[in-house]
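Student: What follows is a structure written as structure tokens; I'll ask about it next.
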Amino acid sequence: MADILRQPAEVIYQAELEALHAEDSGSKPHNWYVSPKAVVTYLMGGKTAAGVEISAKYIGNRRLIETAVATLATDRALLLLGVPGTAKSWVSEHLSAAICGKSTQMIQCTAGTDENQVRYGWNYAQLLAKGPSREALVPTPLYRAMESGTLCRLEELTRMGSDVQDTLITVLSEKMLPIPELNEVVYAERGFNVIATANNRDKGVNELSSALKRRFNVVVLPLPDDMEQEVSIVARRVEQTGIGLDLPIPKNVREEIEKVVTIFRELRGGETLDGKVVLKTPTGNLSTAEAIAVMVGGLSQANWFGEGALTAEDISANLVGAIVKDPVQDKVVLEEYLETVMKKRRDYAEYYRSMNDVL
Amino acid sequence: MSQAEIHYFGVRHHGPGSARRVLSALEHVRPATVLVEGPADCTPLFSQLARPEMKPPVALLSYVADNAVCSTFVPFVEYSPEYQACCWAVRNNAVLEFIDLPVATRLAQMVAEAAEQTEPSQEDTVEAEPVQEGEEERDFRLSADPIGVLAQLAGYEDGEAWWNDLIEQNADDDHAIFAILDQAMLELRSAALEQCGEHGDLVFARDLPREAHMRLTIGKAAKNSEGPVAVICGAWHVPALQEKHVAKDDRALLKTLPKKLTASKVKSTWVPWTTPRLATSSGYGAGVAAPMWYKHMWQQRNNPNALAYWLGGVARVMREQGHIVSTASVIEAVRLSNGLAAVRGRPAPGFEESRDAVIACLCFGEALIWRKMEARILLGSEVGAIPPDAPLVPLLEDLQRQQKKHKLKPEALPRELSLDLRSGAGAGKSVLLHRLHILDVPWGTLQDSGSSRGTFRERWQLCWEPEYAVRLVEQLIYGSTIEQAAAGKMLETIHTQHTLGLLAQTVQLCLAAQLDEAAERGIARLDERAALAGDCIEFLESLPPLVNISRYGTARDISLEHIDTLNVRLAAQAAIALPYACRNLSDEESQHYCRCVGAAHQAILLAEMEDDAVSSWWQALQEVVDTPTASLQVVGLCARLLYQEQRMAAEVLQVLFQKMLSPAIPAADAARFFEGFFDEAVQRLLYDDLLLNAVEQWLLRLDDEEFIEFLPLFRRMFSSLDAMERKRLLDIVAQDRALVKTDTAYTLNLDAGELWSAQLGRLGRLIKGEQQWYQ
């Protein structure tokens, strides 16, 4: 097992889950491994009465996680929505690990996902041999979750075509899966529920059908609200990626990350960090993940084409590329930002100049 | 006579839970005397509170007759325990009395404080509301709403939820509940005292005399009462009231206070109040987080489905705003609220749970949708009503005072008034008239307000109509003096106004009415809106009024530095947006843009901005000229503006002219360019040889047909010259070209005889109708 690149959450955090389970006295919904309160503790971190340290899996607003857990405790499905890079899948994995001890019952939704991968497929050899029967059915993760009263995860729900998404409507509202071919119905056991994740501002995603949206309780996971937090996330990821690509990490990388994250946060938030100037926001979503990509791109450029040190020129081209997604609209936004904010900041003079050059 | 039994009911001001408990406790005790925390000298007014015409929210307003800025208000809502106690007392014929410090003393304190504050600098006006800042504010909040503070410490956002969870859940008996609360307050007070150490006296300085006064009044009432006495006061004070104190000490303490103002100097009356002003966010110290939620809790206090009603109400508001909200979603929201309460370990869902559930179930997780409706749902917009015969209206009184001060008499017949704003008296009158204008009382109408002649003179037409008094009463909700009310109203307008140009005008009005605070808010809002506005026209339109303000507004001595910074910013934004904005415009739009660009250009030049800001404007104009798809009329205008300030070389302009007016360009387009360039500026041809040259060369290059084609355009352009100018233009052209000598002497042409006979022959052939007549 040691060769596995990454273990599922329930294996990595087995000790924590067992500790929570051992002393859990609160009432539990049917088929839950621990009580809802303990699930919140598992995600937000804390300490059990026995003194076992529970690490924080999600750093952010506790209220959101409470809403998510409370939703799953009713029979409503949960939709985790947010821009890319806001830990949606991460939260979804840990929620199912804590609630039913199994995070691998999962459907990866893509543009190529069809109904057979959501409801059930057919084993054609069996079908030919025995005709339509339960034995000839190939169950999907959703099917199994209904039968066993556990959670099913749907990753990137909106990347699946809208017509395929609608397959879920009956499952979510009536909690049953009709098999018209056999004139049978799979009824969901108590404890069954669905956690879906979806991007709300990404390119290449389908509209979430409104019929489906009404059947979910939606929790929007925000981008990190803390500057420090975001800088350290970026710094850590840049370092890891840099090592992976054999790029040397210059000394000044932390300062540049701070500047890039400042620019990202200001444009994304629509105001300067000191709150004095309100700004327009560009069409792109400027996620933490993109900040990481900009920095890695800059590192690569500095390494192969520069003199080793990371300069504003190396970063600017990537930075402009990340911000200007719409050539007309975003360009105005960026120009305005450069003129009204960056120009006045002495330590950003390099960025001001080189970004203007790129524009 | 023996001492009557005294019951103390510590309450949370504006707490529906408290109100309910007080009512049931009063029913239980059935006191003969009800004592309520409220100014003692206003007792007669309070009996009006129970009248059916009185519709809460209302407030008891007291102010110093000759200085209405010193005022206090005591708001009452339907769910205020004090209000319910008053109504109960009136219903049950109990003696109703108020026990707090008389308002005369409170106002005397305020007048003294105001005097202290204004002595060092006379200009500062004293804030009306007795809300202190910073450290003091927290202390004030502690004594005003200790339950709210406790709830916050316990991680609740809302005091009522804490009250419900902790106080109501632990006991079912009224007496037990009030006893628990007293105990909590006793602990809190001693903790507060300990924490502040030596400064303890300071913390309680505000409360000590009040509590002494209450003790004395309670003692007196208990002696005279024929039955049990009920005291309804803020929970914070109960421990102090129950303590044993020597009456002599209390009296001694009261002696240290400033002397009461005489009754004739203090005016008290009821005024209608609004729900948003009950909210903590409006700066009211004892305010509540969400007045409408509290009202709902009070009205639905016996309804087990109260939460469903609340969420149904939220859904209704959302539907009105165009969101599709199904009943099924509302059901889910109720279920999620219950689930959340369980996860959080709370006995029943409260305000926070309902909000989180609304966001997850009705707003599809978007907190923004909720925030947009929040104010409407939580703060509401209800206005109270007072009986029509309630005593005096402070705004009218203030007006009379101002009229006396400025020697302006209300007359029904129109009268002209000319004011010199440089004199104090003139400025004062102008400010008063402007403020009244803001309050929908057009007593004076400003004449020739649009004239460009100096801004230190104003001419007004005065005419008073009786209904203006009624209108003033309606404006009471904004404030109790004309200044306050005008400022309040402007602040509201500023808050709801989105267009930059109109906002700038509002700021101008605020400055004219000398409402500095509102003007500052307006400028801040302009700043905010400026960032979000994307429409170039908006930037262009807002520049001229703002530049006007910064140039002339100073006649009224207000510092306007930030307007200058704002102007620079707006100019920069306009400069960035302009090249993109003037592409592919219709004729009508181009006309509009030309007007706006011209005005903005004028403003930018007048504003004397730094070179930096101006140069980006020049750059923008240049960019417009270089943009192929830009509207040609705007291009023409920009070219002229550039050339006029010598930002464009003559040769470049000539090339531009040749290009724009070349025959391949359709006549209509060339006309647009020509019009944009020379509109309101044909006179330039008189003074500018180079320009004239460029135009002339173009004209000479045109062949006859083209010339005739463009003729209407020339006619249109040159018709803006008057006869003299046209003659001068002709002179200049003639002089330069020597085509016509204006003072030519007649000379004899020797060949004329020959030519003439040939001409006659041709004429004869023509008359005969010959084909080859011209040979």
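Identifiers for the structure tokens are assigned positionally: chains receive A, B, ... in sequence, residues are indexed from 1 per chain, and ligands are indexed from 1 in the order shown.
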With a cut-off of 6 Å and counting only C-alpha atoms, select all residues of chain B in contact with chain A and give the selection as a ChimeraX atom specification.

Tutor: /B:339-340,343,360-361,364-365,528,531-532

Student: Using C-alpha atoms, can you export the residues from the last selection as a CSV table (one decimal), in the first residue's frame?

Tutor:
chain,number,residue,atom,x,y,z
B,339,GLY,CA,-31.2,21.1,11.2
B,340,LEU,CA,-28.7,24.0,11.7
B,343,VAL,CA,-25.9,21.1,14.7
B,360,ALA,CA,-28.4,28.0,1.1
B,361,CYS,CA,-32.0,27.2,0.0
B,364,PHE,CA,-28.6,29.2,-4.2
B,365,GLY,CA,-25.7,29.9,-1.8
B,528,GLU,CA,-17.2,54.7,-4.8
B,531,ALA,CA,-14.9,53.1,-9.7
B,532,LEU,CA,-17.9,51.0,-10.6

Student: Please report, as JSON, numbers by chain, each residue of region 61-244 of chain A to which DSSP assigns strand (DSSP E or B) when run on this structure's backbone.

Tutor: {"A": [77, 78, 79, 80, 81, 82, 106, 107, 108, 120, 121, 122, 137, 138, 139, 151, 152, 153, 154, 155, 176, 177, 178, 179, 184, 185, 186, 187, 193, 194, 195, 196, 197, 198, 199, 216, 217, 218, 219, 220]}

Student: For Val185 (chain A), work out the shell of residues within 12 Å, counting only C-alpha atoms and skipping chain neighbours fewer than 6 positions away, then give it as a ChimeraX atom specification.

Tutor: /A:119,134,143,146-147,170-171,174-179

Student: What's the separation between CA of Leu26 (chain B) and CA of Val238 (chain B), in Å to one decimal place?

Tutor: 16.9 Å

Student: Could you name the residues that touch Leu299 (chain A) at 10 Å or less, counting only C-alpha atoms, but leaving out those on the same chain fewer than 3 positions away, as a list of chain:residue names?

Tutor: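 Once the adjacent positions are removed, what remains is A:Val238, A:Gly242, A:Leu247, A:Pro248, A:Ile249, A:Pro250, A:Val253, A:Ala293, A:Val294, A:Met295, A:Val296, A:Ala302, A:Asn303, A:Trp304, A:Phe305, A:Gly306, A:Gly308, A:Ala309, A:Leu310, A:Thr311, A:Asp314, A:Ile315.
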
Student: Between B:Ala600, B:Leu691, B:Leu685, B:Thr629, which has the minimum distance to Glu651 (chain B) (counting only C-alpha atoms)?

Tutor: B:Leu691

Student: Please report the interatomic distance between CA of Gly297 (chain A) and CA of Lys325 (chain A) in Å with one decimal.

Tutor: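 Atom-to-atom, CA of Gly297 (chain A) to CA of Lys325 (chain A), that is 16.9 Å.
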
Student: List the neighbours of region 563-575 of chain B out to 9 Å using only C-alpha atoms; skip same-chain residues closer than 5 positions along the sequence, and give me the result as a PyMOL selection string.

Tutor: (chain A and resi 336+339-340) or (chain B and resi 523+526-527+530-531+534-540+542-543+546-547+549-550+600+604+607+609-610+613-614+616-621)

Student: Counting only C-alpha atoms, what is within 10 Å of Gln117 (chain A), bar same-chain residues fewer than 5 positions away, as a list in words?

Tutor: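 Using only C-alpha atoms, the neighbours found are Ile107, Gln108, Cys109, Gly112, Val138, Pro139, Thr140, Pro141, Leu142, Tyr143 and Val164 of chain A.
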
Student: I'd like the interatomic distance between CA of Gln165 (chain A) and CA of Gln126 (chain A), to a tenth of an Å.

Tutor: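 Pair CA of Gln165 (chain A) / CA of Gln126 (chain A) returns 28.0 Å.
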
Student: Taking 2 positions as the minimum chain separation for residues in the same chain, which residues sit within 8 Å of Met355 (chain A) when counting only C-alpha atoms? Answer as a ChimeraX atom specification.

Tutor: /A:313,316-317,320,351-353,357-359
